[in-house]
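Engineer: First the structure, then my questions, so here it is.
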Amino acid sequence: MAAAIRVRLVLLVVIGACLGLGPALAARSGRHVYRAQLATIPLSVGDITGVASQLDDEIADVLKASQTLNRNYRRGDDRYWLFVGYFAQQRFGSQIHSPRHCYPGSGWNILSAAKGERLGGPSGELLIQRDKDQRVVLYQYLTRSGATTSELRLKVELTLGGLLGRPLDAAFIRYSTPVGPEESAAAAMERLGRFAREVQPTVRPGLPF
Amino acid sequence: MKLGKLRRLTNPEAGLPQFLLTLLVLGAFLALYRSVLLGLVQQWLDDENYTHGLLVPPIAAFLLYRCLDRLPRVAEPSLRAALPFLLPGLALFVGGTAAAELFTLRLSMLFLFWAIVRGFYGVRSFRGLRFPLFFLVFMIPLPYVFFYRVAFPLQLLSAEASGKVLDFLGVVHVQTGNIIHLRETSLDVVTACSGLRSLLALITFAVLAAGLFPMRRALRALLVVLAVPIAMATNALRIVLTAVLVHTHGRSFLEGALHQGMGLLTFGIGVGLLFLIGGGFRWQRPSV
């Protein structure tokens with residue numbers, strides 16, 4: 001009988017401690033408040049001109065990012081899209097989504113995925129297709145430790161940050177462009193890389209790291 | 001139904017303090033995982049990949065009831081018995097909370113629940129209840145990163161397998177990647193058609209059949225493994241049937257109730273096959 005009561009008491013204390021731990025961890029990381037200045041990112045870069053585009057309400061609701069930037073750029077006849085999502089506090093329901101599951105979730109099929117160095121740091125490179133449309137995509141995650149394309153590294157950083165009370169903010173940058181009718185996917189990726197190299201230096205100052 | 005069997009779990013002779021403490025532990029557990037449980041139920045209701053999750057807790061409760069006869073008459077409460085699940089459960093809880101990682105947090109819920117059962121009733125009782133308790137694993141959705149990494153190769157595989165069957169049937173088509181072009185239309189083998197959805201549900205049913213039918217341990221494992229080719233085959237059957245019907249009767253078979261009905265029919269065939277094989281395996285009873 002004594003053992004039965006002892007077990008219950010210990011479990012009660014342990015579960016009770018866990019009940020207090022969750023809010024305590026959130027509060028420790030919540031001390032750091034940063035803001036991105038995405039609106040300061042210029043619309044025009046050289047011969048590239050851009051217009052701001054409204055993010056679909058449904059997508060914004062799923063993303064739950066603190067701030068987003070959605071731009072349509074043009075250079076001559078070529079079209080490019082830039083999306084930046086800044087997450088000031090990554091918590092449940094408000095975390096960077098990987099394009100590897102966002103695209104398939106919205107009907108795009110990932111035809112190929114690779115890693116490269118086209119964004120002044122590691123970049124994820126995707127070739128996606130929906131119906132007859134093909135696009136190439138370049139993306140990277142930015143945290144206070146630098147740039148990465150690894151969802152696992154992002155999780156490890158988030159876990160350590162949560163435990164140690166470090167800032168939990170992070171950003172997701174994604175460039176994409178359609179693959180032209182007479183164009184190969186590799187040529188479209190080269191073209192997108194050139195575009196990203198020109199625009200990326202104007203994007204970084206808008207982020208707080 | 002003999003509700004008296006439940007007395008083995010509730011142990012009414014134990015006295016008021018123990019009963020109250022039991023209620024407190026369970027209450028604290030529910031308070032700790034309230035939002036996790038609500039989120040889980042919401043996902044079962046909203047996410048078509050995991051609707052089978054709704055069935056898992058009631059089935060586990062039924063299996064638990066069936067197992068109560070095997071429990072020792074007297075519980076053997078022990079803190080040491082709880083530790084093998086309590087410690088990893090706590091680590092998963094802390095990590096899952098810090099990283100705001102839902103899958104990890106949901107796993108921690110199972111580990112803590114198992115720790116409570118082992119702590120309350122002891123190792124021997126836990127052993128008697130292990131199948132229904134383990135079965136609860138299948139109520140937890142896979143992390144999305146993993147889900148979509150597996151789904152796309154399966155999409156391609158399903159499209160290729162279906163293309164070969166269409167070749168055999170003489171249906172004129174061209175298959176490129178996950179798209180099957182027919183004479184007048186194209187079939188896009190999307191994520192939902194990858195077979196992963198039915199694979200997850202069929203594995204759950206295979207584990208259930210393996211647990212329900214008495215059979216040798218190796219046959220149990222074989223039955224679960226067989227869920228994979230059965231899911232792939234029934235999914236390919238679904239795609240081929242859709243392609244043939246679209247080819248002969250038009251695009252109406254790509255949408256609405258007809259498309260859904262086709263999915264349910266082929267999934268039903270898969271479940272039926274599993275239980276048929278499971279029923280066949282039961283004659284190979286374990287040697288005593």
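Ordering of the structure tokens sets the chain letters (A, B, ...); residue numbers start at 1 within each chain; ligands are numbered from 1 in the order shown.
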For chain B versus chain A, which residues have an atom no more than 7 Å away, and what is each residue's nearest atom pair and distance in Å rounded to one decimal, using only C-alpha atoms, chain-then-number order, as CSV?
Structural biologist:
```
residue,atom,partner,partner_atom,distance
B:Gln18,CA,A:Ile5,CA,5.8
B:Leu21,CA,A:Arg8,CA,6.1
B:Thr22,CA,A:Arg8,CA,6.4
B:Val25,CA,A:Leu12,CA,5.0
B:Ala28,CA,A:Ile15,CA,6.4
B:Phe29,CA,A:Ile15,CA,6.4
B:Leu32,CA,A:Leu19,CA,5.5
B:Pro77,CA,A:Ala4,CA,5.1
B:Ser78,CA,A:Val7,CA,6.3
B:Leu79,CA,A:Val7,CA,5.3
B:Gly95,CA,A:Thr159,CA,6.1
B:Thr97,CA,A:Gly22,CA,6.2
B:Ala98,CA,A:Gly162,CA,4.4
B:Ala99,CA,A:Thr159,CA,4.1
B:Ala100,CA,A:Phe92,CA,5.0
B:Gly119,CA,A:Val7,CA,6.2
B:Phe120,CA,A:Ala4,CA,6.5
B:Tyr144,CA,A:His101,CA,6.7
B:Val145,CA,A:His101,CA,6.0
B:Tyr148,CA,A:His101,CA,5.6
B:Thr191,CA,A:Pro104,CA,6.9
```
Engineer: For the selection just defined, write its residues with N, CA, C and O atoms to a file, as a PDB file, in the first residue's frame.
Structural biologist:
```pdb
ATOM      1  N   GLN B  18      -5.366   6.483  -1.689  1.00  0.00           N
ATOM      2  CA  GLN B  18      -4.810   5.986  -2.955  1.00  0.00           C
ATOM      3  C   GLN B  18      -5.721   6.339  -4.125  1.00  0.00           C
ATOM      4  O   GLN B  18      -5.258   6.744  -5.196  1.00  0.00           O
ATOM      5  N   LEU B  21      -5.362  10.034  -4.861  1.00  0.00           N
ATOM      6  CA  LEU B  21      -4.073  10.304  -5.520  1.00  0.00           C
ATOM      7  C   LEU B  21      -4.088   9.854  -6.972  1.00  0.00           C
ATOM      8  O   LEU B  21      -3.545  10.518  -7.860  1.00  0.00           O
ATOM      9  N   THR B  22      -4.749   8.705  -7.212  1.00  0.00           N
ATOM     10  CA  THR B  22      -4.871   8.215  -8.596  1.00  0.00           C
ATOM     11  C   THR B  22      -5.600   9.256  -9.441  1.00  0.00           C
ATOM     12  O   THR B  22      -5.160   9.593 -10.553  1.00  0.00           O
ATOM     13  N   VAL B  25      -3.289  12.222 -10.112  1.00  0.00           N
ATOM     14  CA  VAL B  25      -2.260  11.950 -11.129  1.00  0.00           C
ATOM     15  C   VAL B  25      -2.891  12.007 -12.526  1.00  0.00           C
ATOM     16  O   VAL B  25      -2.365  12.660 -13.436  1.00  0.00           O
ATOM     17  N   ALA B  28      -3.786  15.568 -13.394  1.00  0.00           N
ATOM     18  CA  ALA B  28      -2.601  16.368 -13.758  1.00  0.00           C
ATOM     19  C   ALA B  28      -2.115  15.972 -15.156  1.00  0.00           C
ATOM     20  O   ALA B  28      -1.721  16.832 -15.948  1.00  0.00           O
ATOM     21  N   PHE B  29      -2.169  14.666 -15.450  1.00  0.00           N
ATOM     22  CA  PHE B  29      -1.757  14.186 -16.778  1.00  0.00           C
ATOM     23  C   PHE B  29      -2.635  14.813 -17.860  1.00  0.00           C
ATOM     24  O   PHE B  29      -2.141  15.314 -18.880  1.00  0.00           O
ATOM     25  N   LEU B  32      -1.830  18.452 -18.231  1.00  0.00           N
ATOM     26  CA  LEU B  32      -0.550  18.645 -18.919  1.00  0.00           C
ATOM     27  C   LEU B  32      -0.718  18.490 -20.432  1.00  0.00           C
ATOM     28  O   LEU B  32      -0.127  19.241 -21.210  1.00  0.00           O
ATOM     29  N   PRO B  77       2.750  -2.101  -7.478  1.00  0.00           N
ATOM     30  CA  PRO B  77       3.206  -0.743  -7.785  1.00  0.00           C
ATOM     31  C   PRO B  77       4.699  -0.579  -7.506  1.00  0.00           C
ATOM     32  O   PRO B  77       5.208  -1.120  -6.521  1.00  0.00           O
ATOM     33  N   SER B  78       5.362   0.135  -8.408  1.00  0.00           N
ATOM     34  CA  SER B  78       6.807   0.295  -8.226  1.00  0.00           C
ATOM     35  C   SER B  78       7.292   1.499  -9.032  1.00  0.00           C
ATOM     36  O   SER B  78       6.999   1.620 -10.223  1.00  0.00           O
ATOM     37  N   LEU B  79       8.038   2.350  -8.358  1.00  0.00           N
ATOM     38  CA  LEU B  79       8.599   3.518  -9.032  1.00  0.00           C
ATOM     39  C   LEU B  79       9.658   3.089 -10.043  1.00  0.00           C
ATOM     40  O   LEU B  79       9.765   3.637 -11.133  1.00  0.00           O
ATOM     41  N   GLY B  95      12.235  18.381 -24.534  1.00  0.00           N
ATOM     42  CA  GLY B  95      12.685  18.691 -25.900  1.00  0.00           C
ATOM     43  C   GLY B  95      11.535  19.168 -26.768  1.00  0.00           C
ATOM     44  O   GLY B  95      11.651  20.157 -27.488  1.00  0.00           O
ATOM     45  N   THR B  97       8.723  20.509 -25.868  1.00  0.00           N
ATOM     46  CA  THR B  97       8.230  21.824 -25.447  1.00  0.00           C
ATOM     47  C   THR B  97       9.195  22.909 -25.897  1.00  0.00           C
ATOM     48  O   THR B  97       8.776  23.945 -26.429  1.00  0.00           O
ATOM     49  N   ALA B  98      10.497  22.679 -25.686  1.00  0.00           N
ATOM     50  CA  ALA B  98      11.492  23.703 -26.048  1.00  0.00           C
ATOM     51  C   ALA B  98      11.485  23.964 -27.545  1.00  0.00           C
ATOM     52  O   ALA B  98      11.605  25.108 -27.991  1.00  0.00           O
ATOM     53  N   ALA B  99      11.346  22.891 -28.349  1.00  0.00           N
ATOM     54  CA  ALA B  99      11.398  23.053 -29.803  1.00  0.00           C
ATOM     55  C   ALA B  99      10.015  23.254 -30.396  1.00  0.00           C
ATOM     56  O   ALA B  99       9.889  23.359 -31.611  1.00  0.00           O
ATOM     57  N   ALA B 100       8.998  23.312 -29.549  1.00  0.00           N
ATOM     58  CA  ALA B 100       7.613  23.423 -30.021  1.00  0.00           C
ATOM     59  C   ALA B 100       7.368  22.363 -31.098  1.00  0.00           C
ATOM     60  O   ALA B 100       6.870  22.660 -32.177  1.00  0.00           O
ATOM     61  N   GLY B 119       4.000   2.142 -13.306  1.00  0.00           N
ATOM     62  CA  GLY B 119       4.190   2.537 -11.913  1.00  0.00           C
ATOM     63  C   GLY B 119       3.030   2.074 -11.037  1.00  0.00           C
ATOM     64  O   GLY B 119       3.227   1.551  -9.941  1.00  0.00           O
ATOM     65  N   PHE B 120       1.814   2.229 -11.529  1.00  0.00           N
ATOM     66  CA  PHE B 120       0.615   1.877 -10.750  1.00  0.00           C
ATOM     67  C   PHE B 120       0.475   0.370 -10.562  1.00  0.00           C
ATOM     68  O   PHE B 120       0.101  -0.101  -9.501  1.00  0.00           O
ATOM     69  N   TYR B 144       5.226  15.861 -40.595  1.00  0.00           N
ATOM     70  CA  TYR B 144       4.944  16.170 -41.992  1.00  0.00           C
ATOM     71  C   TYR B 144       6.175  16.071 -42.896  1.00  0.00           C
ATOM     72  O   TYR B 144       6.074  15.677 -44.048  1.00  0.00           O
ATOM     73  N   VAL B 145       7.339  16.443 -42.327  1.00  0.00           N
ATOM     74  CA  VAL B 145       8.567  16.369 -43.127  1.00  0.00           C
ATOM     75  C   VAL B 145       8.760  14.931 -43.616  1.00  0.00           C
ATOM     76  O   VAL B 145       9.013  14.669 -44.790  1.00  0.00           O
ATOM     77  N   TYR B 148       5.868  13.767 -46.263  1.00  0.00           N
ATOM     78  CA  TYR B 148       5.987  14.187 -47.654  1.00  0.00           C
ATOM     79  C   TYR B 148       7.246  13.634 -48.329  1.00  0.00           C
ATOM     80  O   TYR B 148       7.279  13.491 -49.539  1.00  0.00           O
ATOM     81  N   THR B 191      -0.476  13.612 -54.092  1.00  0.00           N
ATOM     82  CA  THR B 191      -0.051  13.062 -52.803  1.00  0.00           C
ATOM     83  C   THR B 191      -1.115  12.130 -52.215  1.00  0.00           C
ATOM     84  O   THR B 191      -0.804  11.071 -51.675  1.00  0.00           O
TER      85      THR B 191
END
```
Engineer: Can you list, as an MDAnalysis selection string, every residue of segment 17-182 of chain A that DSSP puts in alpha helix (DSSP H)?
Structural biologist: chainID A and resid 17:29 57:63 99:105 151:164
Engineer: As an exercise, work out the distance from atom CA of Ala201 of chain B to atom CA of Arg216 of chain B in Å and give it to one decimal place.
Structural biologist: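 These two atoms are separated by 23.0 Å.
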Engineer: Ranking B:Pro17, B:Leu187, B:Leu38, B:Thr204 by minimum distance to Leu55 of chain B and counting only C-alpha atoms, which one comes first?
Structural biologist: B:Thr204
Engineer: Hey, can you check how far atom CA of Arg174 of chain A sits from atom CA of Leu82 of chain A?
Structural biologist: 5.8 Å
Engineer: Report as a list of chain:residue names all protein, DNA and RNA residues lying within 12 Å of Lys164 of chain B, evaluated on only C-alpha atoms, omitting residues in the same chain fewer than 5 positions from it.
Structural biologist: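 Those residues are B:Leu157, B:Ser158, B:Ala159, B:Leu169, B:Gly170, B:Val171, B:Val172, B:His173, B:Val174, B:Gln175, B:Ile180, B:Ala236, B:Leu237, B:Ile239, B:Val240.
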Engineer: Residues at most 8 Å from segment 33-40 of chain A, counting only C-alpha atoms, excluding those fewer than 3 positions away in the same chain, as a PyMOL selection string?
Structural biologist: chain A and resi 30+67-69+86+88+167+169+203+205-208
Engineer: Restrict the selected residues to N, CA and C atoms and save them as an mmCIF file, in the first residue's frame.
Structural biologist:
```
data_model
loop_
_atom_site.group_PDB
_atom_site.id
_atom_site.type_symbol
_atom_site.label_atom_id
_atom_site.label_comp_id
_atom_site.auth_asym_id
_atom_site.auth_seq_id
_atom_site.Cartn_x
_atom_site.Cartn_y
_atom_site.Cartn_z
ATOM 1 N N GLY A 30 10.750 34.152 -24.496
ATOM 2 C CA GLY A 30 9.906 35.288 -24.875
ATOM 3 C C GLY A 30 10.461 36.631 -24.456
ATOM 4 N N GLN A 67 5.942 38.494 -39.673
ATOM 5 C CA GLN A 67 5.898 39.418 -40.806
ATOM 6 C C GLN A 67 6.186 38.641 -42.080
ATOM 7 N N THR A 68 5.552 39.060 -43.158
ATOM 8 C CA THR A 68 5.838 38.409 -44.451
ATOM 9 C C THR A 68 6.059 39.472 -45.524
ATOM 10 N N LEU A 69 6.807 39.082 -46.530
ATOM 11 C CA LEU A 69 7.012 39.943 -47.695
ATOM 12 C C LEU A 69 6.805 39.067 -48.923
ATOM 13 N N TYR A 86 9.233 36.126 -41.603
ATOM 14 C CA TYR A 86 10.018 36.308 -40.382
ATOM 15 C C TYR A 86 9.187 35.840 -39.197
ATOM 16 N N ALA A 88 9.185 35.844 -35.288
ATOM 17 C CA ALA A 88 9.843 36.472 -34.126
ATOM 18 C C ALA A 88 9.978 35.478 -32.971
ATOM 19 N N PRO A 167 17.181 33.789 -28.107
ATOM 20 C CA PRO A 167 16.149 34.250 -29.030
ATOM 21 C C PRO A 167 15.736 33.122 -29.973
ATOM 22 N N ASP A 169 13.994 33.675 -32.881
ATOM 23 C CA ASP A 169 13.527 34.196 -34.168
ATOM 24 C C ASP A 169 14.299 33.568 -35.327
ATOM 25 N N VAL A 203 17.803 42.274 -49.260
ATOM 26 C CA VAL A 203 16.863 41.619 -48.346
ATOM 27 C C VAL A 203 17.441 41.531 -46.934
ATOM 28 N N PRO A 205 19.411 43.377 -45.005
ATOM 29 C CA PRO A 205 19.299 44.461 -44.026
ATOM 30 C C PRO A 205 17.910 44.594 -43.408
ATOM 31 N N GLY A 206 16.907 44.013 -44.038
ATOM 32 C CA GLY A 206 15.554 44.081 -43.471
ATOM 33 C C GLY A 206 15.330 43.110 -42.323
ATOM 34 N N LEU A 207 16.311 42.222 -42.108
ATOM 35 C CA LEU A 207 16.165 41.221 -41.035
ATOM 36 C C LEU A 207 17.040 41.591 -39.843
ATOM 37 N N PRO A 208 16.618 41.246 -38.635
ATOM 38 C CA PRO A 208 17.367 41.687 -37.446
ATOM 39 C C PRO A 208 18.583 40.818 -37.126
#
```
Engineer: Residues of segment 60-219 of chain B classed as strand (DSSP E or B) by DSSP on the backbone are to be reported as a ChimeraX atom specification.
Structural biologist: /B:174-176,179-181,186-188
Engineer: What's around Trp114 of chain B at 12 Å? Count only C-alpha atoms, leave out sequence neighbours fewer than 2 positions away in its own chain, and write the answer as number ranges by chain.
Structural biologist: A: 11; B: 29, 81-89, 107-112, 116-123, 125-127, 129-137
Engineer: Restrict the selected residues to N, CA, C and O atoms and save them as a tab-separated table (two decimals), in the first residue's frame.
Structural biologist:
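Saved the output as part.tsv:
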```
chain	number	residue	atom	x	y	z
A	11	LEU	N	4.78	10.53	-9.09
A	11	LEU	CA	4.28	10.85	-10.43
A	11	LEU	C	3.53	12.18	-10.42
A	11	LEU	O	3.63	12.98	-11.36
B	29	PHE	N	-2.17	14.67	-15.45
B	29	PHE	CA	-1.76	14.19	-16.78
B	29	PHE	C	-2.64	14.81	-17.86
B	29	PHE	O	-2.14	15.31	-18.88
B	81	ALA	N	9.69	0.46	-11.76
B	81	ALA	CA	9.04	-0.04	-12.98
B	81	ALA	C	8.66	1.11	-13.90
B	81	ALA	O	8.65	0.97	-15.12
B	82	ALA	N	8.35	2.26	-13.32
B	82	ALA	CA	7.90	3.41	-14.13
B	82	ALA	C	9.07	4.08	-14.85
B	82	ALA	O	8.89	4.66	-15.93
B	83	LEU	N	10.27	3.98	-14.23
B	83	LEU	CA	11.40	4.78	-14.73
B	83	LEU	C	11.76	4.59	-16.21
B	83	LEU	O	12.03	5.57	-16.90
B	84	PRO	N	11.78	3.33	-16.75
B	84	PRO	CA	12.18	3.16	-18.15
B	84	PRO	C	11.33	3.96	-19.14
B	84	PRO	O	11.76	4.23	-20.25
B	85	PHE	N	10.12	4.30	-18.76
B	85	PHE	CA	9.30	5.13	-19.63
B	85	PHE	C	9.23	6.57	-19.13
B	85	PHE	O	9.05	7.51	-19.92
B	86	LEU	N	9.37	6.73	-17.80
B	86	LEU	CA	9.26	8.07	-17.23
B	86	LEU	C	10.41	8.97	-17.71
B	86	LEU	O	10.18	10.11	-18.14
B	87	LEU	N	11.64	8.43	-17.67
B	87	LEU	CA	12.79	9.27	-18.02
B	87	LEU	C	12.79	9.70	-19.49
B	87	LEU	O	12.89	10.89	-19.79
B	88	PRO	N	12.64	8.74	-20.46
B	88	PRO	CA	12.55	9.21	-21.84
B	88	PRO	C	11.33	10.08	-22.09
B	88	PRO	O	11.38	11.02	-22.89
B	89	GLY	N	10.24	9.78	-21.38
B	89	GLY	CA	9.03	10.60	-21.53
B	89	GLY	C	9.30	12.04	-21.13
B	89	GLY	O	8.88	12.99	-21.81
B	107	LEU	N	4.58	12.00	-28.53
B	107	LEU	CA	5.24	10.77	-28.09
B	107	LEU	C	5.47	10.78	-26.58
B	107	LEU	O	5.31	9.76	-25.92
B	108	SER	N	5.85	11.96	-26.07
B	108	SER	CA	6.10	12.06	-24.62
B	108	SER	C	4.83	11.73	-23.85
B	108	SER	O	4.86	11.14	-22.77
B	109	MET	N	3.67	12.09	-24.42
B	109	MET	CA	2.39	11.79	-23.77
B	109	MET	C	2.22	10.27	-23.62
B	109	MET	O	1.85	9.79	-22.55
B	110	LEU	N	2.55	9.54	-24.69
B	110	LEU	CA	2.43	8.08	-24.62
B	110	LEU	C	3.40	7.50	-23.59
B	110	LEU	O	3.03	6.64	-22.79
B	111	PHE	N	4.66	7.99	-23.62
B	111	PHE	CA	5.66	7.47	-22.69
B	111	PHE	C	5.23	7.72	-21.23
B	111	PHE	O	5.37	6.84	-20.38
B	112	LEU	N	4.72	8.92	-20.96
B	112	LEU	CA	4.30	9.21	-19.58
B	112	LEU	C	3.09	8.35	-19.19
B	112	LEU	O	2.98	7.91	-18.05
B	116	ILE	N	2.93	5.74	-16.12
B	116	ILE	CA	1.89	5.72	-15.08
B	116	ILE	C	1.36	4.30	-14.91
B	116	ILE	O	1.24	3.79	-13.79
B	117	VAL	N	1.07	3.63	-16.03
B	117	VAL	CA	0.52	2.27	-15.95
B	117	VAL	C	1.53	1.33	-15.28
B	117	VAL	O	1.18	0.56	-14.38
B	118	ARG	N	2.79	1.40	-15.70
B	118	ARG	CA	3.83	0.53	-15.10
B	118	ARG	C	4.03	0.84	-13.64
B	118	ARG	O	4.22	-0.05	-12.82
B	119	GLY	N	4.00	2.14	-13.31
B	119	GLY	CA	4.19	2.54	-11.91
B	119	GLY	C	3.03	2.07	-11.04
B	119	GLY	O	3.23	1.55	-9.94
B	120	PHE	N	1.81	2.23	-11.53
B	120	PHE	CA	0.62	1.88	-10.75
B	120	PHE	C	0.47	0.37	-10.56
B	120	PHE	O	0.10	-0.10	-9.50
B	121	TYR	N	0.72	-0.39	-11.64
B	121	TYR	CA	0.36	-1.82	-11.61
B	121	TYR	C	1.56	-2.76	-11.64
B	121	TYR	O	1.39	-3.97	-11.42
B	122	GLY	N	2.75	-2.24	-11.97
B	122	GLY	CA	3.92	-3.11	-11.98
B	122	GLY	C	4.24	-3.70	-13.34
B	122	GLY	O	3.44	-3.62	-14.27
B	123	VAL	N	5.41	-4.30	-13.43
B	123	VAL	CA	5.93	-4.77	-14.71
B	123	VAL	C	5.09	-5.92	-15.26
B	123	VAL	O	4.76	-5.97	-16.45
B	125	SER	N	1.92	-6.68	-14.78
B	125	SER	CA	0.63	-6.20	-15.31
B	125	SER	C	0.83	-5.48	-16.63
B	125	SER	O	0.06	-5.66	-17.57
B	126	PHE	N	1.90	-4.68	-16.71
B	126	PHE	CA	2.17	-3.92	-17.94
B	126	PHE	C	2.39	-4.89	-19.10
B	126	PHE	O	1.91	-4.66	-20.21
B	127	ARG	N	3.10	-5.98	-18.78
B	127	ARG	CA	3.36	-6.97	-19.83
B	127	ARG	C	2.04	-7.53	-20.37
B	127	ARG	O	1.86	-7.71	-21.57
B	129	LEU	N	-0.73	-6.00	-20.53
B	129	LEU	CA	-1.50	-4.98	-21.24
B	129	LEU	C	-0.73	-4.36	-22.39
B	129	LEU	O	-1.19	-3.40	-23.00
B	130	ARG	N	0.46	-4.90	-22.70
B	130	ARG	CA	1.35	-4.16	-23.60
B	130	ARG	C	0.79	-3.99	-25.01
B	130	ARG	O	1.03	-2.96	-25.63
B	131	PHE	N	0.01	-4.96	-25.49
B	131	PHE	CA	-0.47	-4.81	-26.87
B	131	PHE	C	-1.44	-3.62	-27.00
B	131	PHE	O	-1.22	-2.75	-27.85
B	132	PRO	N	-2.50	-3.55	-26.17
B	132	PRO	CA	-3.38	-2.38	-26.31
B	132	PRO	C	-2.66	-1.06	-26.05
B	132	PRO	O	-2.95	-0.05	-26.71
B	133	LEU	N	-1.69	-1.07	-25.13
B	133	LEU	CA	-0.96	0.17	-24.83
B	133	LEU	C	-0.06	0.56	-26.01
B	133	LEU	O	0.02	1.73	-26.38
B	134	PHE	N	0.59	-0.43	-26.61
B	134	PHE	CA	1.45	-0.17	-27.77
B	134	PHE	C	0.60	0.28	-28.97
B	134	PHE	O	1.01	1.14	-29.75
B	135	PHE	N	-0.59	-0.28	-29.09
B	135	PHE	CA	-1.45	0.04	-30.23
B	135	PHE	C	-1.75	1.54	-30.31
B	135	PHE	O	-2.00	2.09	-31.39
B	136	LEU	N	-1.69	2.21	-29.16
B	136	LEU	CA	-1.96	3.67	-29.13
B	136	LEU	C	-0.97	4.46	-29.98
B	136	LEU	O	-1.25	5.59	-30.38
B	137	VAL	N	0.20	3.86	-30.25
B	137	VAL	CA	1.21	4.54	-31.10
B	137	VAL	C	0.59	4.95	-32.43
B	137	VAL	O	0.91	6.01	-32.97
```
Engineer: Tell me, as JSON, numbers by chain, which residues lie within 8 Å of segment 176-178 of chain A, counting only C-alpha atoms; anything in the same chain fewer than 6 positions away does not count.
Structural biologist: {"A": [79, 80, 81, 82, 133, 134, 135, 136, 137, 138, 188, 192]}
Engineer: In Å, rounded to a single decimal, give me how far atom CA of Gly193 of chain A is from atom CA of Arg118 of chain A.
Structural biologist: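 Atom CA of Gly193 of chain A lies 5.6 Å from atom CA of Arg118 of chain A.
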